[in-house]
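**Q** Input protein_7.cif, format and content: mmCIF, C-alpha atoms.
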```
data_entry
loop_
_atom_site.label_atom_id
_atom_site.label_comp_id
_atom_site.auth_asym_id
_atom_site.auth_seq_id
_atom_site.Cartn_x
_atom_site.Cartn_y
_atom_site.Cartn_z
CA MET S 13 0.00 0.00 0.00
CA THR S 14 1.40 3.42 -0.94
CA GLU S 15 1.75 6.23 1.58
CA ALA S 16 -1.14 8.17 0.03
CA SER S 17 -3.24 5.04 0.08
CA SER S 18 -2.68 4.30 3.78
CA GLY S 19 -3.30 8.02 4.36
CA ILE S 20 -6.76 7.61 2.85
CA GLU S 21 -7.48 4.90 5.43
CA LYS S 22 -6.26 7.21 8.22
CA LEU S 23 -8.51 10.01 6.95
CA LYS S 24 -11.51 7.66 6.82
CA SER S 25 -10.97 6.80 10.48
CA LYS S 26 -11.14 10.53 11.29
CA ILE S 27 -14.45 11.30 9.59
CA GLY S 28 -16.48 13.51 11.93
CA VAL S 29 -13.61 14.02 14.37
CA GLU S 30 -12.58 17.64 15.03
CA TRP S 31 -8.91 18.44 14.61
CA GLN S 32 -6.97 20.42 17.16
CA PRO S 33 -8.20 24.04 17.33
CA ARG S 34 -5.70 26.63 16.09
CA GLU S 35 -5.58 30.33 16.89
CA TYR S 36 -4.68 33.20 14.55
CA GLU S 37 -4.35 36.87 15.38
CA ILE S 38 -5.39 38.98 12.42
CA GLY S 39 -2.91 41.70 11.53
CA ARG S 40 -3.32 44.72 9.27
CA GLU S 41 -0.71 43.56 6.79
CA MET S 42 -2.34 40.11 6.43
CA ILE S 43 -5.54 41.81 5.30
CA ARG S 44 -3.80 44.24 2.96
CA ARG S 45 -1.63 41.52 1.46
CA PHE S 46 -4.72 39.41 0.84
CA ALA S 47 -6.56 42.29 -0.88
CA ARG S 48 -3.48 43.02 -3.00
CA ALA S 49 -3.13 39.37 -3.97
CA VAL S 50 -6.76 39.27 -5.14
CA GLY S 51 -6.22 42.59 -6.91
CA ASP S 52 -9.19 44.02 -5.04
CA PRO S 53 -8.91 47.83 -4.79
CA ASN S 54 -12.09 48.26 -2.70
CA PRO S 55 -11.34 51.15 -0.28
CA LEU S 56 -13.04 49.17 2.50
CA TRP S 57 -9.98 46.89 2.91
CA GLN S 58 -7.21 49.26 1.96
CA ASP S 59 -6.34 50.34 5.49
CA GLY S 60 -6.36 46.75 6.69
CA ALA S 61 -9.05 47.31 9.34
CA ILE S 62 -11.78 45.13 7.78
CA ALA S 63 -11.08 42.00 5.76
CA PRO S 64 -12.90 40.98 2.60
CA PRO S 65 -15.25 38.03 3.32
CA THR S 66 -13.11 35.57 1.35
CA PHE S 67 -10.15 36.36 3.63
CA ILE S 68 -11.60 33.55 5.78
CA LEU S 69 -10.26 31.11 3.19
CA ALA S 70 -6.74 32.20 4.14
CA ILE S 71 -7.13 31.87 7.91
CA GLY S 72 -5.30 28.75 8.97
CA PHE S 73 -5.22 27.30 5.46
CA GLU S 74 -1.49 26.66 5.47
CA GLN S 75 -1.71 24.81 8.78
CA PHE S 76 -4.74 22.89 7.53
CA VAL S 77 -2.82 21.65 4.49
CA ASP S 78 0.13 20.69 6.72
CA ASP S 79 -2.22 18.75 9.02
CA LEU S 80 -3.88 17.08 6.03
CA MET S 81 -0.58 16.13 4.39
CA SER S 82 0.82 14.72 7.61
CA LEU S 83 -2.16 12.35 7.72
CA ALA S 84 -2.30 11.61 4.02
CA PRO S 85 0.72 12.65 1.94
CA PHE S 86 -1.04 13.12 -1.40
CA ASN S 87 1.10 13.95 -4.42
CA THR S 88 -1.51 16.33 -5.69
CA VAL S 89 -4.34 18.20 -4.11
CA LEU S 90 -6.99 20.00 -6.16
CA MET S 91 -9.79 22.19 -4.88
CA GLY S 92 -13.20 21.02 -6.03
CA GLY S 93 -15.34 23.68 -4.43
CA THR S 94 -15.88 26.06 -1.58
CA GLU S 95 -18.95 27.10 0.40
CA LEU S 96 -18.56 30.01 2.72
CA GLU S 97 -21.02 31.42 5.27
CA CYS S 98 -20.19 34.72 6.93
CA TYR S 99 -21.98 35.86 10.06
CA GLN S 100 -19.81 38.82 11.07
CA PRO S 101 -17.02 40.78 9.45
CA ILE S 102 -13.48 39.88 10.47
CA GLY S 103 -10.97 42.62 11.05
CA LEU S 104 -7.76 43.88 12.53
CA GLY S 105 -7.01 42.54 16.01
CA ASP S 106 -9.50 39.68 15.90
CA VAL S 107 -8.20 36.42 17.28
CA ILE S 108 -9.78 33.64 15.24
CA THR S 109 -9.92 30.03 16.38
CA THR S 110 -10.32 27.55 13.57
CA ILE S 111 -11.52 23.98 13.88
CA PHE S 112 -11.37 21.68 10.86
CA LYS S 113 -12.81 18.23 10.38
CA ILE S 114 -13.25 15.81 7.52
CA SER S 115 -16.96 15.15 6.99
CA ASN S 116 -16.96 12.83 4.02
CA LEU S 117 -14.60 10.83 1.83
CA ARG S 118 -15.41 8.98 -1.39
CA GLU S 119 -12.86 7.08 -3.39
CA ARG S 120 -12.36 6.43 -7.05
CA GLN S 121 -9.65 4.78 -9.09
CA GLY S 122 -8.31 7.41 -11.49
CA LYS S 123 -5.61 7.40 -14.14
CA MET S 124 -3.17 8.75 -11.53
CA GLY S 125 -4.05 6.05 -8.96
CA ARG S 126 -6.37 6.00 -5.97
CA MET S 127 -8.22 9.32 -5.68
CA ALA S 128 -9.98 10.66 -2.60
CA PHE S 129 -12.87 13.12 -2.90
CA MET S 130 -12.99 14.75 0.49
CA THR S 131 -15.32 17.22 2.18
CA PHE S 132 -13.88 19.35 4.98
CA ASP S 133 -15.89 21.56 7.31
CA SER S 134 -14.30 24.37 9.26
CA SER S 135 -15.62 26.84 11.81
CA TYR S 136 -14.19 30.21 12.78
CA LYS S 137 -14.80 31.80 16.19
CA ASN S 138 -13.56 35.17 17.37
CA GLN S 139 -12.07 36.15 20.73
CA LYS S 140 -15.60 36.61 22.14
CA GLN S 141 -16.39 32.98 21.22
CA GLU S 142 -18.83 34.19 18.56
CA LEU S 143 -19.11 32.08 15.43
CA VAL S 144 -18.04 34.46 12.65
CA ALA S 145 -17.90 32.07 9.70
CA LYS S 146 -18.22 28.51 8.51
CA CYS S 147 -16.65 26.97 5.47
CA ARG S 148 -17.00 23.71 3.56
CA GLN S 149 -14.33 22.73 1.08
CA MET S 150 -14.36 19.91 -1.43
CA ILE S 151 -10.84 18.69 -2.04
CA ILE S 152 -9.54 15.99 -4.36
CA GLY S 153 -6.33 14.23 -3.36
CA TYR S 154 -4.36 11.71 -5.38
CA MET U 4 -16.85 54.33 -5.26
CA THR U 5 -20.09 53.79 -7.08
CA GLU U 6 -23.43 54.63 -5.56
CA GLN U 7 -24.84 52.35 -2.88
CA LEU U 8 -27.08 49.60 -4.22
CA TYR U 9 -30.44 49.23 -2.46
CA TYR U 10 -32.80 46.28 -2.30
CA GLN U 11 -35.34 48.24 -4.35
CA ASP U 12 -32.79 48.68 -7.18
CA VAL U 13 -32.53 44.94 -7.72
CA ALA U 14 -34.81 42.85 -9.95
CA VAL U 15 -34.90 39.07 -10.33
CA GLY U 16 -33.12 38.23 -13.59
CA GLY U 17 -31.04 41.39 -13.41
CA GLU U 18 -27.33 41.21 -14.08
CA ILE U 19 -24.52 41.88 -11.68
CA THR U 20 -21.93 44.28 -13.07
CA PRO U 21 -19.29 41.90 -14.52
CA LEU U 22 -15.72 41.89 -13.25
CA VAL U 23 -12.81 41.03 -15.53
CA LYS U 24 -9.63 39.76 -13.87
CA GLN U 25 -6.29 39.16 -15.59
CA PRO U 26 -4.39 36.73 -13.36
CA THR U 27 -0.66 36.52 -14.02
CA THR U 28 1.90 34.06 -12.67
CA MET U 29 3.04 36.89 -10.37
CA GLN U 30 -0.47 37.15 -8.98
CA LEU U 31 -0.46 33.40 -8.32
CA VAL U 32 2.72 33.79 -6.28
CA MET U 33 1.17 36.72 -4.37
CA TRP U 34 -1.91 34.58 -3.75
CA ALA U 35 0.22 31.69 -2.49
CA GLY U 36 1.86 34.00 0.05
CA ALA U 37 -1.35 35.71 1.11
CA SER U 38 -3.53 32.59 1.30
CA GLY U 39 -0.98 30.10 2.63
CA ASP U 40 -1.74 27.75 -0.26
CA TYR U 41 1.70 26.62 -1.46
CA ASN U 42 0.41 23.90 -3.78
CA PRO U 43 3.08 23.74 -6.54
CA ILE U 44 0.50 23.16 -9.29
CA HIS U 45 0.00 26.94 -9.07
CA TYR U 46 3.60 28.01 -9.71
CA ASP U 47 5.73 25.03 -10.85
CA LYS U 48 5.03 24.22 -14.51
CA ASP U 49 7.08 20.99 -14.58
CA PHE U 50 5.33 19.70 -11.47
CA ALA U 51 1.90 20.66 -12.83
CA GLN U 52 2.64 18.81 -16.09
CA SER U 53 3.89 15.75 -14.19
CA ARG U 54 0.50 15.65 -12.47
CA GLY U 55 -1.44 15.56 -15.71
CA LEU U 56 -2.15 19.28 -16.11
CA SER U 57 -1.17 21.27 -19.20
CA GLY U 58 0.55 23.94 -17.10
CA VAL U 59 0.19 25.93 -13.89
CA ILE U 60 -3.43 26.68 -13.10
CA VAL U 61 -5.14 29.54 -11.29
CA PRO U 62 -6.11 28.32 -7.79
CA GLY U 63 -9.81 27.60 -7.43
CA GLN U 64 -9.94 29.62 -4.24
CA LEU U 65 -8.53 32.66 -6.05
CA ILE U 66 -11.42 32.32 -8.51
CA GLY U 67 -13.64 32.12 -5.42
CA ALA U 68 -12.05 35.32 -4.13
CA PHE U 69 -12.68 36.98 -7.54
CA LEU U 70 -16.36 36.02 -7.23
CA GLY U 71 -16.26 37.48 -3.72
CA GLN U 72 -14.92 40.72 -5.19
CA LEU U 73 -17.65 40.65 -7.86
CA MET U 74 -20.20 40.60 -5.04
CA THR U 75 -18.60 43.10 -2.64
CA ASP U 76 -18.09 45.56 -5.54
CA TRP U 77 -21.77 45.20 -6.44
CA ILE U 78 -23.31 45.39 -2.95
CA GLY U 79 -21.13 48.32 -1.80
CA GLU U 80 -20.28 49.35 1.71
CA GLY U 81 -23.89 49.10 2.92
CA GLY U 82 -24.39 45.50 1.79
CA SER U 83 -23.19 42.34 3.42
CA LEU U 84 -22.15 39.07 1.82
CA ARG U 85 -23.63 36.20 3.84
CA LYS U 86 -23.01 33.17 1.65
CA LEU U 87 -20.71 32.46 -1.23
CA SER U 88 -20.30 29.08 -2.83
CA CYS U 89 -18.29 28.09 -5.81
CA SER U 90 -17.49 24.83 -7.54
CA TYR U 91 -14.51 24.57 -9.80
CA LYS U 92 -15.41 22.84 -13.04
CA GLY U 93 -12.58 23.73 -15.37
CA MET U 94 -9.13 25.23 -15.43
CA ASN U 95 -8.15 28.87 -15.68
CA TYR U 96 -4.61 29.61 -16.80
CA PRO U 97 -2.50 32.65 -15.93
CA GLY U 98 -2.31 35.08 -18.85
CA GLU U 99 -5.96 34.45 -19.70
CA ALA U 100 -8.81 36.68 -18.64
CA VAL U 101 -11.29 35.44 -16.04
CA THR U 102 -14.65 37.13 -16.45
CA CYS U 103 -16.88 36.97 -13.39
CA LYS U 104 -20.60 37.33 -13.94
CA GLY U 105 -23.81 36.87 -12.04
CA LYS U 106 -27.59 37.16 -12.10
CA VAL U 107 -30.18 37.81 -9.43
CA THR U 108 -32.27 34.69 -8.81
CA LYS U 109 -34.39 35.66 -5.82
CA LYS U 110 -35.19 38.55 -3.48
CA TYR U 111 -37.17 38.49 -0.25
CA VAL U 112 -37.60 40.10 3.14
CA GLN U 113 -37.18 37.95 6.22
CA ASN U 114 -37.13 39.17 9.83
CA GLY U 115 -36.82 42.72 8.57
CA GLN U 116 -33.71 41.95 6.52
CA HIS U 117 -33.58 42.34 2.75
CA PHE U 118 -32.06 39.28 1.11
CA VAL U 119 -30.93 38.86 -2.48
CA GLU U 120 -29.71 35.57 -3.95
CA CYS U 121 -27.62 35.32 -7.07
CA SER U 122 -26.09 32.73 -9.33
CA LEU U 123 -22.48 33.41 -10.21
CA TRP U 124 -19.95 32.06 -12.61
CA ALA U 125 -16.49 32.63 -14.07
CA GLU U 126 -15.73 32.34 -17.76
CA ASN U 127 -12.49 31.77 -19.65
CA PRO U 128 -11.77 33.65 -22.91
CA LYS U 129 -13.64 30.96 -24.89
CA GLY U 130 -16.76 31.76 -22.90
CA GLU U 131 -16.68 28.41 -21.09
CA LYS U 132 -17.83 28.39 -17.47
CA THR U 133 -14.82 27.29 -15.40
CA ALA U 134 -16.50 27.85 -12.05
CA SER U 135 -20.04 28.40 -10.90
CA GLY U 136 -21.62 29.22 -7.62
CA LYS U 137 -24.19 31.12 -5.65
CA ALA U 138 -24.26 34.06 -3.31
CA MET U 139 -26.65 35.38 -0.71
CA VAL U 140 -26.39 39.02 0.33
CA ILE U 141 -28.23 41.46 2.55
CA LEU U 142 -28.84 44.89 1.05
CA PRO U 143 -29.96 48.12 2.66
CA SER U 144 -33.53 49.21 1.98
CA ARG U 145 -34.71 52.68 0.96
CA GLY U 146 -36.99 54.13 3.59
#
```
Now that the file is in, can you turn its structure into structure tokens?
**A**
Amino acid sequence: MTEASSGIEKLKSKIGVEWQPREYEIGREMIRRFARAVGDPNPLWQDGAIAPPTFILAIGFEQFVDDLMSLAPFNTVLMGGTELECYQPIGLGDVITTIFKISNLRERQGKMGRMAFMTFDSSYKNQKQELVAKCRQMIIGY
Amino acid sequence: MTEQLYYQDVAVGGEITPLVKQPTTMQLVMWAGASGDYNPIHYDKDFAQSRGLSGVIVPGQLIGAFLGQLMTDWIGEGGSLRKLSCSYKGMNYPGEAVTCKGKVTKKYVQNGQHFVECSLWAENPKGEKTASGKAMVILPSRG
């Protein structure tokens, strides 16, 4: 069994289990860098006080991929889709706690080997313990 | 800034002002740094080709962020984006325009809030839909 293949088994055993919460303090330059990367000149985000709603996608994403790859070292990961729900704006000085979990995994044999079609759910709470956003991501790993 | 959009300005079937983006490989690198997504299929051509792609591809989530910009540009400072979903159906390549479009599908008032739902999509230069999704926003009301 390849590493990616045994990783798929590990991920299956974690369906529905929340991963370790992670905390991120939102800085002005994170917000501005995100807006610049999108090429979004909206004056609302230019001073880095309020983040665009899709900034949520960036919160903890790097750590999430590290956590995912340490469980299942896929050669390739492709994004299949994203569903975002925003309840409150996120801005400078917020401390956001993320919790990720895998909610579903389907498998298929593809031309590049065993492929996993995964659904991840993540929640985002601020320093007042208010739920500010939820996200669902469909990710294909092979 | 354009004028604030109000609930009363919106009609079902109406179009959202399109947004044309021109992603470059430099933008993909900026996105990698800003989003924390260091997947090499978005900046390493040899790697992307070894994984069965024709070249580096624009990250799906960047397309999602473009659709987010489409919506926040349209709803203005007084509107709020509540839901945004996007599924990535095809590939967008750097150097090619991504045109983001949308249409109003529904409008209603619930608990005193003025909701508008839209269908959204992104097109490549051939006019093919490479991503499609939905949005739900709250708009201010006149009077």
**Q** Residues picked by the PyMOL selection byres ((chain S) within 10 of (chain U)) here, as a PyMOL selection string?
**A** chain S and resi 41-56+64-77+87-101+123-124+145-150+154
**Q** Give me a file of those residues, with C-alpha atoms, as a short mmCIF file (atom, residue, chain, number, x, y, z; two decimals), keeping the file's coordinate frame.
**A**
```
data_model
loop_
_atom_site.label_atom_id
_atom_site.label_comp_id
_atom_site.auth_asym_id
_atom_site.auth_seq_id
_atom_site.Cartn_x
_atom_site.Cartn_y
_atom_site.Cartn_z
CA GLU S 41 -0.71 43.56 6.79
CA MET S 42 -2.34 40.11 6.43
CA ILE S 43 -5.54 41.81 5.30
CA ARG S 44 -3.80 44.24 2.96
CA ARG S 45 -1.63 41.52 1.46
CA PHE S 46 -4.72 39.41 0.84
CA ALA S 47 -6.56 42.29 -0.88
CA ARG S 48 -3.48 43.02 -3.00
CA ALA S 49 -3.13 39.37 -3.97
CA VAL S 50 -6.76 39.27 -5.14
CA GLY S 51 -6.22 42.59 -6.91
CA ASP S 52 -9.19 44.02 -5.04
CA PRO S 53 -8.91 47.83 -4.79
CA ASN S 54 -12.09 48.26 -2.70
CA PRO S 55 -11.34 51.15 -0.28
CA LEU S 56 -13.04 49.17 2.50
CA PRO S 64 -12.90 40.98 2.60
CA PRO S 65 -15.25 38.03 3.32
CA THR S 66 -13.11 35.57 1.35
CA PHE S 67 -10.15 36.36 3.63
CA ILE S 68 -11.60 33.55 5.78
CA LEU S 69 -10.26 31.11 3.19
CA ALA S 70 -6.74 32.20 4.14
CA ILE S 71 -7.13 31.87 7.91
CA GLY S 72 -5.30 28.75 8.97
CA PHE S 73 -5.22 27.30 5.46
CA GLU S 74 -1.49 26.66 5.47
CA GLN S 75 -1.71 24.81 8.78
CA PHE S 76 -4.74 22.89 7.53
CA VAL S 77 -2.82 21.65 4.49
CA ASN S 87 1.10 13.95 -4.42
CA THR S 88 -1.51 16.33 -5.69
CA VAL S 89 -4.34 18.20 -4.11
CA LEU S 90 -6.99 20.00 -6.16
CA MET S 91 -9.79 22.19 -4.88
CA GLY S 92 -13.20 21.02 -6.03
CA GLY S 93 -15.34 23.68 -4.43
CA THR S 94 -15.88 26.06 -1.58
CA GLU S 95 -18.95 27.10 0.40
CA LEU S 96 -18.56 30.01 2.72
CA GLU S 97 -21.02 31.42 5.27
CA CYS S 98 -20.19 34.72 6.93
CA TYR S 99 -21.98 35.86 10.06
CA GLN S 100 -19.81 38.82 11.07
CA PRO S 101 -17.02 40.78 9.45
CA LYS S 123 -5.61 7.40 -14.14
CA MET S 124 -3.17 8.75 -11.53
CA ALA S 145 -17.90 32.07 9.70
CA LYS S 146 -18.22 28.51 8.51
CA CYS S 147 -16.65 26.97 5.47
CA ARG S 148 -17.00 23.71 3.56
CA GLN S 149 -14.33 22.73 1.08
CA MET S 150 -14.36 19.91 -1.43
CA TYR S 154 -4.36 11.71 -5.38
#
```
**Q** Rounded to one decimal, what separation in Å do you get between CA of Gly98 (chain U) and CA of Gly58 (chain U)?
**A**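 The value is 11.6 Å.
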**Q** I need the output of the PyMOL selection byres ((chain S and resi 114) around 8) for this file as a list in words; which residues are they?
**A**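 That selection, the PyMOL selection byres ((chain S and resi 114) around 8), comes back as Leu23, Lys26, Ile27, Gly28, Val29, Glu30, Phe112, Lys113, Ser115, Asn116, Leu117, Met130, Thr131, Phe132 and Asp133 of chain S.
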**Q** Can I get the selected residues back with C-alpha atoms, as an mmCIF file, in the coordinates of the input?
**A**
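Saved result, out_34.cif, follows:
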```
data_model
loop_
_atom_site.group_PDB
_atom_site.id
_atom_site.type_symbol
_atom_site.label_atom_id
_atom_site.label_comp_id
_atom_site.auth_asym_id
_atom_site.auth_seq_id
_atom_site.Cartn_x
_atom_site.Cartn_y
_atom_site.Cartn_z
ATOM 1 C CA LEU S 23 -8.510 10.010 6.950
ATOM 2 C CA LYS S 26 -11.140 10.530 11.290
ATOM 3 C CA ILE S 27 -14.450 11.300 9.590
ATOM 4 C CA GLY S 28 -16.480 13.510 11.930
ATOM 5 C CA VAL S 29 -13.610 14.020 14.370
ATOM 6 C CA GLU S 30 -12.580 17.640 15.030
ATOM 7 C CA PHE S 112 -11.370 21.680 10.860
ATOM 8 C CA LYS S 113 -12.810 18.230 10.380
ATOM 9 C CA SER S 115 -16.960 15.150 6.990
ATOM 10 C CA ASN S 116 -16.960 12.830 4.020
ATOM 11 C CA LEU S 117 -14.600 10.830 1.830
ATOM 12 C CA MET S 130 -12.990 14.750 0.490
ATOM 13 C CA THR S 131 -15.320 17.220 2.180
ATOM 14 C CA PHE S 132 -13.880 19.350 4.980
ATOM 15 C CA ASP S 133 -15.890 21.560 7.310
#
```
**Q** What gap, in Å, lies between CA of Gly81 (chain U) and CA of Ala125 (chain U)?
**A** 24.8 Å
**Q** Figure out the distance between CA of Asn138 (chain S) and CA of Asp79 (chain S), please, to one decimal in Å.
**A**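 It comes out at 21.6 Å.
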**Q** Could you state which residues are captured by the PyMOL selection byres ((chain S and resi 106) around 8) in this file, as a list in words?
**A**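 Expected selection for the PyMOL selection byres ((chain S and resi 106) around 8) here is Glu37, Ile38, Ile102, Gly103, Leu104, Gly105, Val107, Ile108, Asn138 and Gln139 of chain S.
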